[in-house]
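Student: Mind having a look at this structure? Questions to follow.
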Amino acid sequence: MAASPSTAGIDLRTRLSICAKKARYANEADALSAVAKATITLRHYACDRCGQFHLTSRTKSKRIPRPVTP
Ligand SMILES: [Zn+2]
C-alpha cells in the first residue's frame, strides 16, 4: 500500500529545487547574520530538505506591520 502524504507532493519538489539553488546556512545564527547584512527584507527558514537554513525575500504579507507612532 503506497501511502502518499497529501501535504507534501508538489511543494516538496519545489522546495528541493529551491534548496539546490539557494545559499545554505549551517545554523540560524549564520542565516540571521546574512539577513542583517542584506539591504532588502529577507526571512530565514529552516529547510526540511537539507536541514540547514535558507533565506527568502518572499514574505507572506506585503505589508510589514510597523509600530504606530503617535
Ligand atoms: Zn535546503
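So you can find residues: chains in the C-alpha cells are A, B, ... in the order shown, residues in each start at 1, and ligands are numbered from 1 in order.
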At a cut-off of 6 Å, can you tabulate as a tab-separated table every residue of chain A near ligand 1 together with its closest atom pair and the distance in Å to one decimal, using only C-alpha atoms and all ligand atoms and ordering rows by chain then number?
Tutor:
residue	atom	partner	partner_atom_place_in_ligand_line	distance
A:Cys19	CA	ligand 1	1 (Zn)	3.9
A:Cys47	CA	ligand 1	1 (Zn)	4.5
A:Arg49	CA	ligand 1	1 (Zn)	4.9
A:Cys50	CA	ligand 1	1 (Zn)	4.1
A:Gln52	CA	ligand 1	1 (Zn)	5.7
Student: Can you write just those residues out, N, CA and C atoms, as a CSV table (one decimal), in the first residue's frame?
Tutor:
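Once everything was written out, this is part-v8.csv:
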chain,number,residue,atom,x,y,z
A,19,CYS,N,16.1,24.5,-2.8
A,19,CYS,CA,17.2,24.1,-1.9
A,19,CYS,C,18.5,24.0,-2.7
A,47,CYS,N,15.2,24.6,6.3
A,47,CYS,CA,14.8,23.8,5.2
A,47,CYS,C,14.7,22.3,5.6
A,49,ARG,N,14.7,19.9,3.6
A,49,ARG,CA,15.4,19.1,2.6
A,49,ARG,C,16.8,18.8,3.1
A,50,CYS,N,17.5,19.9,3.4
A,50,CYS,CA,18.9,19.8,3.8
A,50,CYS,C,19.2,20.0,5.3
A,52,GLN,N,19.3,22.6,6.8
A,52,GLN,CA,20.0,23.9,7.1
A,52,GLN,C,19.1,25.0,6.9
Student: Please identify the alpha helix (DSSP H) residues within stretch 32-67 of chain A (assignment by DSSP from backbone atoms) and present them as a PDB file with N, CA and C atoms, in the first residue's frame.
Tutor:
ATOM      1  N   LEU A  32      20.841  34.517  10.224  1.00  0.00           N
ATOM      2  CA  LEU A  32      20.461  35.818  10.756  1.00  0.00           C
ATOM      3  C   LEU A  32      21.516  36.866  10.449  1.00  0.00           C
ATOM      4  N   SER A  33      22.752  36.463  10.482  1.00  0.00           N
ATOM      5  CA  SER A  33      23.825  37.392  10.170  1.00  0.00           C
ATOM      6  C   SER A  33      23.742  37.842   8.723  1.00  0.00           C
ATOM      7  N   ALA A  34      23.378  36.928   7.836  1.00  0.00           N
ATOM      8  CA  ALA A  34      23.207  37.282   6.428  1.00  0.00           C
ATOM      9  C   ALA A  34      22.001  38.194   6.246  1.00  0.00           C
ATOM     10  N   VAL A  35      20.960  37.947   6.986  1.00  0.00           N
ATOM     11  CA  VAL A  35      19.780  38.817   6.935  1.00  0.00           C
ATOM     12  C   VAL A  35      20.152  40.217   7.369  1.00  0.00           C
ATOM     13  N   ALA A  36      20.960  40.305   8.391  1.00  0.00           N
ATOM     14  CA  ALA A  36      21.346  41.610   8.918  1.00  0.00           C
ATOM     15  C   ALA A  36      22.165  42.397   7.909  1.00  0.00           C
ATOM     16  N   LYS A  37      22.937  41.698   7.094  1.00  0.00           N
ATOM     17  CA  LYS A  37      23.785  42.369   6.109  1.00  0.00           C
ATOM     18  C   LYS A  37      23.018  42.757   4.857  1.00  0.00           C
TER      19      LYS A  37
END
Student: Using only C-alpha atoms, pick whichever of A:Thr69, A:Leu12, A:Asp30, A:Lys21 has the shortest atom-to-atom distance to A:Asp48.
Tutor: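 The answer is A:Leu12, which sits nearest to A:Asp48.
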Student: I'd like the interatomic distance between atom CA of A:Thr39 and atom CA of A:Asn27, to a tenth of an Å.
Tutor: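 Atom CA of A:Asn27 lies at a distance of 20.7 Å from atom CA of A:Thr39.
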Student: Compile the contact shell of A:Lys22 as a PyMOL selection string: residues with an atom at most 8 Å away, counting only C-alpha atoms, same-chain residues fewer than 4 positions apart removed.
Tutor: chain A and resi 18+54-55
Student: Would you compute the distance between atom CA of A:Tyr25 and atom CA of A:Thr41? Give it in Å to one decimal.
Tutor: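 Value for the atom CA of A:Tyr25-atom CA of A:Thr41 distance: 17.0 Å.
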Student: Have a look at atom CA of A:Ala29 and atom CA of A:Leu16 and let me know their distance in Å, one decimal.
Tutor: 22.6 Å
